[in-house]
Amino acid sequence: MAWVLKMDEVIESGLVHDFDASLSGIGQELGAGAYSMSDVLALPIFKQEDSSLPQENETKHPPFQYVMCAATSPAVKLYDETLTYLNQGQSYEIRMLDNRKAGDIPEINGKLVKSIIRVVFHDRRLQYTEHQQLEGWKWNRPGDRLLDLDIPMSVGVIDIKTNPSQLNAVEFLWDPTKCTSAFIQVHCISTEFTPRKHGGEKGVPFRIQVDTFKQTENGEYTDHLHSASCQIKVFKPKGADRKQKTDREKMEKRTAHEKEKYQPSYDTTVLTECSPWPDTPTTFVNNSPTPAPTFTSAQHNTYSVPDSNSSSPNHQGDGTSQGSGDLHPSATIQETQQWLLKHRFSTYTRLFSNFSGADLLKLTREDLVQICGPADGIRLYNALKSRSVRPRLTIYVCQEPLRSIQLERQDAGNGDSSNGAIYVYHAIYLEEMVASEVTRKLALAFNIPLHQINQVYRQGPTGIHILVSDQMVQNFQDESCFLFTTIKAENGEGFHIILK
């Protein structure tokens with residue numbers, strides 16, 4: 001038995017020796033010309049693949065950083081976005097910090113950049129209906145803004161602009177090399193956009209977003225540099241402090257193991273990088289000079305004489321034909337843009353930049369209200385349909401029978417013809433209930449030089465002449481009928497008009 005074991009050891013040692021010898025010859029056969037693994041990796045194909053891989057120590061370095069001086073909530077789980085509570089109308093500082101490394105974006109050295117701060121919806125559902133939501137808020141809070149800049153508190157901000165049609169945004173210029181702080185005030189609260197049901201509804205979150213742009217060759221700040229945002233909720237005054245305290249007390253009651261699942265509360269909120277807001281800066285404030293529309297004062301409008309059988313107040317003109325202010329379906333895109341400017345819709349020229357006259361006329365009232373909001377939508381719809389303002393008072397005036405036109409008419413009842421005088425009246429539409437408006441409209445209707453009319457009287461009881469005053473006009477009954485005649489003035493210059 002011992003002999004068998006010894007033979008096994010001899011055989012095993014011999015096999016190991018032969019295997020080692022076979023391996024030792026491999027390197028000798030390759031010789032000095034053998035290549036190493038580093039030579040293989042140096043081949044072009046591996047160089048391309050290697051260059052496409054990110055470096056381990058290479059991290060994206062944003063050019064700017066925005067820090068809001070408001071504490072984050074402690075009741076936010078790990079890996080979730082931070083949440084910050086703000087008080088309505090309170091000023092909060094946003095520090096605008098230059099975070100560039102040496103040599104980064106050298107073209108803005110010594111130059112200003114533009115930042116736009118917005119308060120927008122966090123929920124995607126509300127983002128799709130943002131325009132309607134903001135218009136509804138504007139309707140309930142006329143004259144208020146969702147976001148304001150506290151100018152006395154702010155430092156280093158230049159050329160501050162707010163657009164009346166963009167109530168949720170402010171813009172300003174600033175120098176990245178200087179200390180800059182923008183103090184913002186949010187005036188909307190989160191529960192204002194929550195459907196009212198039983199009270200105590202959970203408010204919707206907002207986002208504070210900052211978009212920064214550099215100046216282009218043509219002088220406009222449209223070249224995007226950086227964007228960052230954070231999630232907020234806005235409460236009534238002191239409400240944010242109470243909510244922060246409640247969250248802190250809830251976290252103190254949790255066990256140590258449960259606390260590990262939540263983020264700590266930080267004294268400041270760092271805005272995280274995000275995509276730029278879809279609106280370009282040119283839609284917020286138009287930096288390019290555009291021809292300003294010209295308007296004519298109502299007191300100097302010229303009026304065309306209305307048709308004798310007209311019952312519509314659409315009689316105002318601008319020195320041309322009555323329908324000259326209408327938008328025709330054949331209008332080109334450029335003509336449509338001019339029409340919008342002329343009718344004080346310059347805010348929407350960019351929105352309708354590709355609309356021809358036919359495109360704009362196809363929009364329904366509901367479409368325009370949804371696009372432009374209730375106020376401007378209805379105004380644009382009325383302008384497209386040529387709907388003028390209803391007059392406050394309508395009177396009918398005819399000259400004395402001796403000067404009126406006598407027409408022959410056929411009596412349809414018995415077939416007999418008889419000569420009868422038909423009094424032809426002119427409709428006078430008064431937009432202002434004043435005596436001067438009556439005088440002016442009479443002069444226009446009957447082609448009388450206005451400077452030759454001295455006074456307008458109304459014939460009263462026993463034939464007395466009563467001066468037509470503003471108070472008398474205000475007491476005229478709507479659709480009253482008058483005959484009028486003229487008498488020469490006492491001084492021989494001009495004449496008086498008497499209404500009977």
# chains A, B, ... in the order shown; residues from 1 in each chain; ligands from 1

$ residues_around --residues "Val186 (chain A)" --least-positions-apart "4" --cutoff "10 Å" --atoms "only C-alpha atoms" --output "PyMOL selection string"
chain A and resi 86-92+118-119+145-149+168+208+234-235

$ select_by_dssp --residues "region 30-250 of chain A" --states "helix (DSSP H, G or I)" --output "NGL selection string"
:A and (30-33 or 37-41 or 44-52 or 106-108 or 124-128 or 130-140 or 190-193 or 239-250)

$ atom_distance --atom1 "CA of Ala358 (chain A)" --atom2 "CA of Pro278 (chain A)"
27.8 Å

$ closest_residue --among "A:Ile333, A:Gln231, A:Asp159, A:Arg100" --to "Asp123 (chain A)" --atoms "only C-alpha atoms"
A:Gln231

$ closest_residue --among "A:Ala102, A:Cys188, A:Met472, A:Ile94" --to "Val157 (chain A)" --atoms "only C-alpha atoms"
A:Ile94

$ residues_around --residues "region 76-82 of chain A" --least-positions-apart "2" --cutoff "10 Å" --atoms "only C-alpha atoms" --output "number ranges by chain"
A: 71-74, 84, 230-232, 247, 259-266, 269-272

$ write_last_selection --atoms "N, CA, C and O atoms" --output "PDB file, in the first residue's frame"
ATOM      1  N   ALA A  71     -35.235  78.443   5.149  1.00  0.00           N
ATOM      2  CA  ALA A  71     -34.909  77.096   5.597  1.00  0.00           C
ATOM      3  C   ALA A  71     -35.742  76.051   4.865  1.00  0.00           C
ATOM      4  O   ALA A  71     -36.913  76.283   4.537  1.00  0.00           O
ATOM      5  N   THR A  72     -35.131  74.901   4.614  1.00  0.00           N
ATOM      6  CA  THR A  72     -35.849  73.797   3.995  1.00  0.00           C
ATOM      7  C   THR A  72     -36.604  73.008   5.053  1.00  0.00           C
ATOM      8  O   THR A  72     -36.273  73.043   6.242  1.00  0.00           O
ATOM      9  N   SER A  73     -37.620  72.286   4.620  1.00  0.00           N
ATOM     10  CA  SER A  73     -38.440  71.499   5.545  1.00  0.00           C
ATOM     11  C   SER A  73     -37.684  70.249   5.992  1.00  0.00           C
ATOM     12  O   SER A  73     -37.029  69.587   5.181  1.00  0.00           O
ATOM     13  N   PRO A  74     -37.795  69.879   7.302  1.00  0.00           N
ATOM     14  CA  PRO A  74     -37.147  68.644   7.763  1.00  0.00           C
ATOM     15  C   PRO A  74     -37.964  67.394   7.444  1.00  0.00           C
ATOM     16  O   PRO A  74     -37.473  66.285   7.639  1.00  0.00           O
ATOM     17  N   THR A  84     -39.418  74.157   0.549  1.00  0.00           N
ATOM     18  CA  THR A  84     -39.235  75.349   1.368  1.00  0.00           C
ATOM     19  C   THR A  84     -40.566  76.060   1.543  1.00  0.00           C
ATOM     20  O   THR A  84     -41.313  76.221   0.576  1.00  0.00           O
ATOM     21  N   CYS A 230     -36.233  75.646  -7.387  1.00  0.00           N
ATOM     22  CA  CYS A 230     -36.492  74.924  -6.148  1.00  0.00           C
ATOM     23  C   CYS A 230     -37.997  74.862  -5.928  1.00  0.00           C
ATOM     24  O   CYS A 230     -38.757  75.661  -6.484  1.00  0.00           O
ATOM     25  N   GLN A 231     -38.421  73.918  -5.092  1.00  0.00           N
ATOM     26  CA  GLN A 231     -39.835  73.714  -4.805  1.00  0.00           C
ATOM     27  C   GLN A 231     -40.225  74.489  -3.546  1.00  0.00           C
ATOM     28  O   GLN A 231     -39.510  74.468  -2.547  1.00  0.00           O
ATOM     29  N   ILE A 232     -41.366  75.176  -3.606  1.00  0.00           N
ATOM     30  CA  ILE A 232     -41.820  75.972  -2.468  1.00  0.00           C
ATOM     31  C   ILE A 232     -43.313  75.758  -2.255  1.00  0.00           C
ATOM     32  O   ILE A 232     -44.023  75.280  -3.144  1.00  0.00           O
ATOM     33  N   ASP A 247     -43.526  70.585  11.377  1.00  0.00           N
ATOM     34  CA  ASP A 247     -42.700  69.534  10.785  1.00  0.00           C
ATOM     35  C   ASP A 247     -41.538  69.170  11.695  1.00  0.00           C
ATOM     36  O   ASP A 247     -41.183  67.985  11.832  1.00  0.00           O
ATOM     37  N   LYS A 259     -35.647  58.651  11.507  1.00  0.00           N
ATOM     38  CA  LYS A 259     -35.045  59.931  11.111  1.00  0.00           C
ATOM     39  C   LYS A 259     -34.008  59.757  10.020  1.00  0.00           C
ATOM     40  O   LYS A 259     -33.759  60.686   9.237  1.00  0.00           O
ATOM     41  N   GLU A 260     -33.394  58.583   9.943  1.00  0.00           N
ATOM     42  CA  GLU A 260     -32.379  58.343   8.920  1.00  0.00           C
ATOM     43  C   GLU A 260     -32.963  58.360   7.514  1.00  0.00           C
ATOM     44  O   GLU A 260     -32.233  58.498   6.536  1.00  0.00           O
ATOM     45  N   LYS A 261     -34.272  58.212   7.401  1.00  0.00           N
ATOM     46  CA  LYS A 261     -34.928  58.204   6.096  1.00  0.00           C
ATOM     47  C   LYS A 261     -35.259  59.619   5.596  1.00  0.00           C
ATOM     48  O   LYS A 261     -35.790  59.759   4.495  1.00  0.00           O
ATOM     49  N   TYR A 262     -34.986  60.636   6.412  1.00  0.00           N
ATOM     50  CA  TYR A 262     -35.355  62.014   6.065  1.00  0.00           C
ATOM     51  C   TYR A 262     -34.121  62.898   5.969  1.00  0.00           C
ATOM     52  O   TYR A 262     -33.096  62.641   6.612  1.00  0.00           O
ATOM     53  N   GLN A 263     -34.259  63.947   5.173  1.00  0.00           N
ATOM     54  CA  GLN A 263     -33.178  64.916   5.028  1.00  0.00           C
ATOM     55  C   GLN A 263     -33.123  65.825   6.250  1.00  0.00           C
ATOM     56  O   GLN A 263     -34.152  66.123   6.859  1.00  0.00           O
ATOM     57  N   PRO A 264     -31.960  66.333   6.568  1.00  0.00           N
ATOM     58  CA  PRO A 264     -31.896  67.362   7.609  1.00  0.00           C
ATOM     59  C   PRO A 264     -32.411  68.691   7.065  1.00  0.00           C
ATOM     60  O   PRO A 264     -32.445  68.907   5.851  1.00  0.00           O
ATOM     61  N   SER A 265     -32.813  69.565   7.945  1.00  0.00           N
ATOM     62  CA  SER A 265     -33.264  70.902   7.539  1.00  0.00           C
ATOM     63  C   SER A 265     -32.060  71.821   7.410  1.00  0.00           C
ATOM     64  O   SER A 265     -31.221  71.892   8.308  1.00  0.00           O
ATOM     65  N   TYR A 266     -31.977  72.521   6.274  1.00  0.00           N
ATOM     66  CA  TYR A 266     -30.870  73.452   6.040  1.00  0.00           C
ATOM     67  C   TYR A 266     -31.374  74.885   6.192  1.00  0.00           C
ATOM     68  O   TYR A 266     -32.534  75.195   5.900  1.00  0.00           O
ATOM     69  N   THR A 269     -31.775  77.506   1.035  1.00  0.00           N
ATOM     70  CA  THR A 269     -32.232  76.616  -0.038  1.00  0.00           C
ATOM     71  C   THR A 269     -31.389  76.875  -1.283  1.00  0.00           C
ATOM     72  O   THR A 269     -31.387  77.999  -1.812  1.00  0.00           O
ATOM     73  N   VAL A 270     -30.676  75.860  -1.734  1.00  0.00           N
ATOM     74  CA  VAL A 270     -29.860  75.971  -2.946  1.00  0.00           C
ATOM     75  C   VAL A 270     -30.702  75.525  -4.136  1.00  0.00           C
ATOM     76  O   VAL A 270     -31.219  74.400  -4.153  1.00  0.00           O
ATOM     77  N   LEU A 271     -30.855  76.398  -5.100  1.00  0.00           N
ATOM     78  CA  LEU A 271     -31.625  76.062  -6.295  1.00  0.00           C
ATOM     79  C   LEU A 271     -30.830  75.083  -7.147  1.00  0.00           C
ATOM     80  O   LEU A 271     -29.632  75.287  -7.380  1.00  0.00           O
ATOM     81  N   THR A 272     -31.488  74.007  -7.579  1.00  0.00           N
ATOM     82  CA  THR A 272     -30.820  72.975  -8.359  1.00  0.00           C
ATOM     83  C   THR A 272     -31.004  73.231  -9.851  1.00  0.00           C
ATOM     84  O   THR A 272     -32.002  73.818 -10.285  1.00  0.00           O
TER      85      THR A 272
END

$ atom_distance --atom1 "CA of Asp267 (chain A)" --atom2 "CA of Lys245 (chain A)"
13.7 Å

$ closest_residue --among "A:Thr462, A:Ser469, A:Ser165, A:Gln452" --to "Glu493 (chain A)" --atoms "only C-alpha atoms"
A:Gln452

$ closest_residue --among "A:His131, A:Pro142, A:Leu341, A:Ser181" --to "Val67 (chain A)" --atoms "only C-alpha atoms"
A:Ser181

$ closest_residue --among "A:Lys214, A:Gln185, A:Leu380, A:Glu192" --to "Glu107 (chain A)" --atoms "only C-alpha atoms"
A:Lys214

$ closest_residue --among "A:Arg207, A:Arg242, A:Arg95, A:Lys233" --to "Cys274 (chain A)" --atoms "only C-alpha atoms"
A:Arg207

$ residues_around --residues "Thr364 (chain A)" --least-positions-apart "4" --cutoff "10 Å" --atoms "only C-alpha atoms" --output "PyMOL selection string"
chain A and resi 360+368-370+377+381

$ write_last_selection --atoms "C-alpha atoms" --output "PDB file, in the first residue's frame"
ATOM      1  CA  LEU A 360     -57.474  84.761 -36.813  1.00  0.00           C
ATOM      2  CA  LEU A 368     -59.698  83.690 -27.843  1.00  0.00           C
ATOM      3  CA  VAL A 369     -60.695  83.718 -24.167  1.00  0.00           C
ATOM      4  CA  GLN A 370     -58.559  80.635 -23.579  1.00  0.00           C
ATOM      5  CA  GLY A 377     -60.063  87.627 -25.341  1.00  0.00           C
ATOM      6  CA  TYR A 381     -63.366  88.901 -30.355  1.00  0.00           C
TER       7      TYR A 381
END

$ atom_distance --atom1 "CA of Gln337 (chain A)" --atom2 "CA of Gly219 (chain A)"
24.1 Å
